Amino acid sequence: MSTPKKLSSVAVIGNGIIGHGMAEVFAASGLKVHLIGRSQASLASALKRIETSREAFRRNGLTTKAEVRATLGRIAVSTRLEDAAGAELVVEAVPENMELKLDIFGRLDRVVAPTTVLASSSGHPASELVARVRHRGRVVATHFWYPPQLIPLVEVCAGPQTDVDVVPWVCGVLRRAGKEPVVIDREVPGFIGNRIQFAALREAWSLWAAGAASAEAIDAVVRYSIGRRLGVTGPIESADLGGLDTMVNFARFLQPTLDVRPEPPSEVAKLAAEGHRGQPSGRGIYDWQKRDGDALLAARRAELFRWLKADKAGAGKPKTPATARAPRAKRATKKVVGRKRLAKGGRRGR
């Protein structure tokens, strides 16, 4: 396929916590957006959340009253999937129900133009979403992080059948929208961020369940140490800066003791099974009736806004130069080409 020659319209399928945030991101970048949801009531609620979010951006000096009005004016809402037909890019953001996702991608494949790119914002790889899609070269994973309007990262990953021009085109669209796309070279479950996040969470849960420390102590250790470093240097950079030989030797001592169980600790699973969902239900590992969850969420949002303002001022984390980003995308493209040739020409030696 050939990617769209111009981009003026995006459709977002799903208006939940990720979907309405993505609609906001694209509309704020100047694009017309069709936000498609299940009911007019939920769509009205989504529009209200977008308005509230843009007002927060205005209060933080990141937009103006006029821009807020313009952003809201670019968003049209609908309950009909067919209203995505005119979009050059469609991004799915429905609940993690695979049957629902397969149905949506199959229907979209019949509704939209042949050049329209179909993307998924979930943690599922593109190869899992194409069973009912005839034009499979258009499907790509674009994994947004919550909240999308405040977290710059989008993990972009082609499937084995994704056409070679789709990933560079999508990355260009995302950069125009102010996102920081990172190309994943090969499909892995959960992509990169979730795998690292859950590796840390598994160990934190395990330490709590084993009685090594309280939840407060474990969170404090992360907050006052690696939590401050990781905003500037990623884990591989940090290890190189600290001395790779030292880190390798310490890993040999430490890694055999880390939790590698395939299931969450029974103490955590039991809480969830009993309906203790954490802050939303009032109790999880913490007793949220004794803690101010709303204040904690507000503090986290304020910190995310601080990072966005620093990024805008050029004073945030070190940026990857544009000249360094291009080879990554090119290498990923070559791998897609190789997979495409393999599909046409049979097995290839490894």
# chains A, B, ... in the order shown; residues from 1 in each chain; ligands from 1

$ select_by_dssp --residues "segment 67-222 of chain A" --states "strand (DSSP E)" --output "mmCIF file with N, CA and C atoms, in the first residue's frame"
data_model
loop_
_atom_site.group_PDB
_atom_site.id
_atom_site.type_symbol
_atom_site.label_atom_id
_atom_site.label_comp_id
_atom_site.auth_asym_id
_atom_site.auth_seq_id
_atom_site.Cartn_x
_atom_site.Cartn_y
_atom_site.Cartn_z
ATOM 1 N N ILE A 75 -13.200 18.543 17.151
ATOM 2 C CA ILE A 75 -13.609 17.198 17.539
ATOM 3 C C ILE A 75 -15.094 17.004 17.269
ATOM 4 N N ALA A 76 -15.413 16.024 16.437
ATOM 5 C CA ALA A 76 -16.792 15.611 16.198
ATOM 6 C C ALA A 76 -16.986 14.239 16.827
ATOM 7 N N VAL A 77 -18.153 13.986 17.378
ATOM 8 C CA VAL A 77 -18.408 12.711 18.046
ATOM 9 C C VAL A 77 -19.488 11.931 17.302
ATOM 10 N N SER A 78 -19.410 10.617 17.431
ATOM 11 C CA SER A 78 -20.347 9.746 16.723
ATOM 12 C C SER A 78 -20.399 8.385 17.408
ATOM 13 N N LEU A 89 -6.043 8.307 9.153
ATOM 14 C CA LEU A 89 -5.497 7.469 10.220
ATOM 15 C C LEU A 89 -6.630 7.140 11.181
ATOM 16 N N VAL A 90 -6.773 5.864 11.540
ATOM 17 C CA VAL A 90 -7.750 5.438 12.534
ATOM 18 C C VAL A 90 -7.000 4.714 13.650
ATOM 19 N N VAL A 91 -7.240 5.144 14.891
ATOM 20 C CA VAL A 91 -6.561 4.527 16.035
ATOM 21 C C VAL A 91 -7.615 3.904 16.943
ATOM 22 N N GLU A 92 -7.461 2.624 17.217
ATOM 23 C CA GLU A 92 -8.382 1.888 18.093
ATOM 24 C C GLU A 92 -7.963 2.029 19.547
ATOM 25 N N VAL A 117 -4.381 4.230 7.261
ATOM 26 C CA VAL A 117 -3.601 3.420 8.198
ATOM 27 C C VAL A 117 -4.478 3.083 9.407
ATOM 28 N N LEU A 118 -4.461 1.817 9.814
ATOM 29 C CA LEU A 118 -5.215 1.346 10.977
ATOM 30 C C LEU A 118 -4.228 1.021 12.090
ATOM 31 N N ALA A 119 -4.400 1.694 13.230
ATOM 32 C CA ALA A 119 -3.455 1.537 14.338
ATOM 33 C C ALA A 119 -4.200 1.113 15.592
ATOM 34 N N SER A 120 -3.465 0.471 16.500
ATOM 35 C CA SER A 120 -4.022 0.101 17.797
ATOM 36 C C SER A 120 -3.190 0.731 18.892
ATOM 37 N N VAL A 139 -1.894 -2.194 8.963
ATOM 38 C CA VAL A 139 -2.102 -2.312 10.407
ATOM 39 C C VAL A 139 -0.768 -2.181 11.153
ATOM 40 N N VAL A 140 -0.763 -1.359 12.215
ATOM 41 C CA VAL A 140 0.446 -1.098 12.987
ATOM 42 C C VAL A 140 0.049 -0.867 14.446
ATOM 43 N N ALA A 141 0.944 -1.179 15.347
ATOM 44 C CA ALA A 141 0.725 -0.904 16.767
ATOM 45 C C ALA A 141 1.284 0.471 17.112
ATOM 46 N N THR A 142 0.478 1.265 17.809
ATOM 47 C CA THR A 142 0.921 2.572 18.318
ATOM 48 C C THR A 142 0.512 2.623 19.788
ATOM 49 N N HIS A 143 1.365 2.159 20.657
ATOM 50 C CA HIS A 143 1.017 1.984 22.066
ATOM 51 C C HIS A 143 1.197 3.298 22.823
ATOM 52 N N PHE A 144 0.076 4.002 23.060
ATOM 53 C CA PHE A 144 0.079 5.226 23.853
ATOM 54 C C PHE A 144 0.111 4.855 25.337
ATOM 55 N N LEU A 153 5.528 9.438 25.326
ATOM 56 C CA LEU A 153 5.911 8.208 24.629
ATOM 57 C C LEU A 153 4.759 7.568 23.868
ATOM 58 N N VAL A 154 5.065 7.113 22.639
ATOM 59 C CA VAL A 154 4.218 6.177 21.905
ATOM 60 C C VAL A 154 5.144 5.106 21.341
ATOM 61 N N GLU A 155 4.921 3.855 21.720
ATOM 62 C CA GLU A 155 5.710 2.740 21.180
ATOM 63 C C GLU A 155 5.093 2.314 19.857
ATOM 64 N N VAL A 156 5.885 2.340 18.793
ATOM 65 C CA VAL A 156 5.406 2.020 17.444
ATOM 66 C C VAL A 156 6.063 0.730 16.992
ATOM 67 N N CYS A 157 5.226 -0.240 16.580
ATOM 68 C CA CYS A 157 5.782 -1.536 16.203
ATOM 69 C C CYS A 157 5.012 -2.110 15.018
ATOM 70 N N ALA A 158 5.732 -2.456 13.976
ATOM 71 C CA ALA A 158 5.134 -3.099 12.812
ATOM 72 C C ALA A 158 4.885 -4.569 13.104
ATOM 73 N N GLU A 180 6.493 11.525 21.329
ATOM 74 C CA GLU A 180 7.856 11.023 21.168
ATOM 75 C C GLU A 180 7.755 9.555 20.757
ATOM 76 N N PRO A 181 7.633 9.281 19.437
ATOM 77 C CA PRO A 181 7.509 7.884 19.008
ATOM 78 C C PRO A 181 8.844 7.150 19.120
ATOM 79 N N VAL A 182 8.779 5.930 19.604
ATOM 80 C CA VAL A 182 9.962 5.072 19.692
ATOM 81 C C VAL A 182 9.656 3.793 18.922
ATOM 82 N N VAL A 183 10.494 3.460 17.961
ATOM 83 C CA VAL A 183 10.256 2.296 17.112
ATOM 84 C C VAL A 183 10.754 1.031 17.804
ATOM 85 N N ILE A 184 9.866 0.045 17.946
ATOM 86 C CA ILE A 184 10.221 -1.271 18.464
ATOM 87 C C ILE A 184 10.515 -2.159 17.262
#

$ residues_around --residues "Ser9 of chain A" --least-positions-apart "6" --cutoff "9 Å" --atoms "only C-alpha atoms" --output "PDB file with N, CA and C atoms, in the first residue's frame"
ATOM      1  N   PHE A  26      -4.523  14.761  19.137  1.00  0.00           N
ATOM      2  CA  PHE A  26      -4.579  15.009  17.693  1.00  0.00           C
ATOM      3  C   PHE A  26      -5.281  16.326  17.381  1.00  0.00           C
ATOM      4  N   LEU A  31      -5.472  18.799  13.812  1.00  0.00           N
ATOM      5  CA  LEU A  31      -6.167  17.829  12.978  1.00  0.00           C
ATOM      6  C   LEU A  31      -7.650  17.743  13.347  1.00  0.00           C
ATOM      7  N   LYS A  32      -8.489  17.472  12.361  1.00  0.00           N
ATOM      8  CA  LYS A  32      -9.885  17.161  12.631  1.00  0.00           C
ATOM      9  C   LYS A  32      -9.964  15.746  13.180  1.00  0.00           C
ATOM     10  N   VAL A  33     -10.807  15.553  14.185  1.00  0.00           N
ATOM     11  CA  VAL A  33     -10.897  14.258  14.863  1.00  0.00           C
ATOM     12  C   VAL A  33     -12.347  13.812  14.933  1.00  0.00           C
ATOM     13  N   HIS A  34     -12.575  12.559  14.552  1.00  0.00           N
ATOM     14  CA  HIS A  34     -13.853  11.906  14.810  1.00  0.00           C
ATOM     15  C   HIS A  34     -13.640  10.980  16.001  1.00  0.00           C
ATOM     16  N   GLY A  86     -13.770   8.788   6.381  1.00  0.00           N
ATOM     17  CA  GLY A  86     -12.995   9.846   5.747  1.00  0.00           C
ATOM     18  C   GLY A  86     -11.628  10.096   6.355  1.00  0.00           C
ATOM     19  N   ALA A  87     -11.253   9.355   7.394  1.00  0.00           N
ATOM     20  CA  ALA A  87      -9.985   9.602   8.085  1.00  0.00           C
ATOM     21  C   ALA A  87      -8.816   8.947   7.357  1.00  0.00           C
ATOM     22  N   GLU A  88      -7.658   9.607   7.424  1.00  0.00           N
ATOM     23  CA  GLU A  88      -6.443   9.014   6.860  1.00  0.00           C
ATOM     24  C   GLU A  88      -5.733   8.112   7.874  1.00  0.00           C
ATOM     25  N   LEU A  89      -6.043   8.307   9.153  1.00  0.00           N
ATOM     26  CA  LEU A  89      -5.497   7.469  10.220  1.00  0.00           C
ATOM     27  C   LEU A  89      -6.630   7.140  11.181  1.00  0.00           C
ATOM     28  N   VAL A  90      -6.773   5.864  11.540  1.00  0.00           N
ATOM     29  CA  VAL A  90      -7.750   5.438  12.534  1.00  0.00           C
ATOM     30  C   VAL A  90      -7.000   4.714  13.650  1.00  0.00           C
TER      31      VAL A  90
END

$ residues_around --residues "segment 214-222 of chain A" --least-positions-apart "3" --cutoff "8 Å" --atoms "only C-alpha atoms" --output "NGL selection string"
:A and (204 or 208 or 211 or 225-227 or 285-286)

$ select_by_dssp --residues "segment 54-289 of chain A" --states "alpha helix (DSSP H)" --output "ChimeraX atom specification"
/A:54-59,65-73,98-111,166-176,193-209,215-223,226-229,235-242,244-254,266-273

$ closest_residue --among "A:Gln197, A:Ser121, A:Thr162, A:Thr257" --to "Gly19 of chain A" --atoms "only C-alpha atoms"
A:Ser121

$ atom_distance --atom1 "atom CA of Val133 of chain A" --atom2 "atom CA of Gly106 of chain A"
4.9 Å
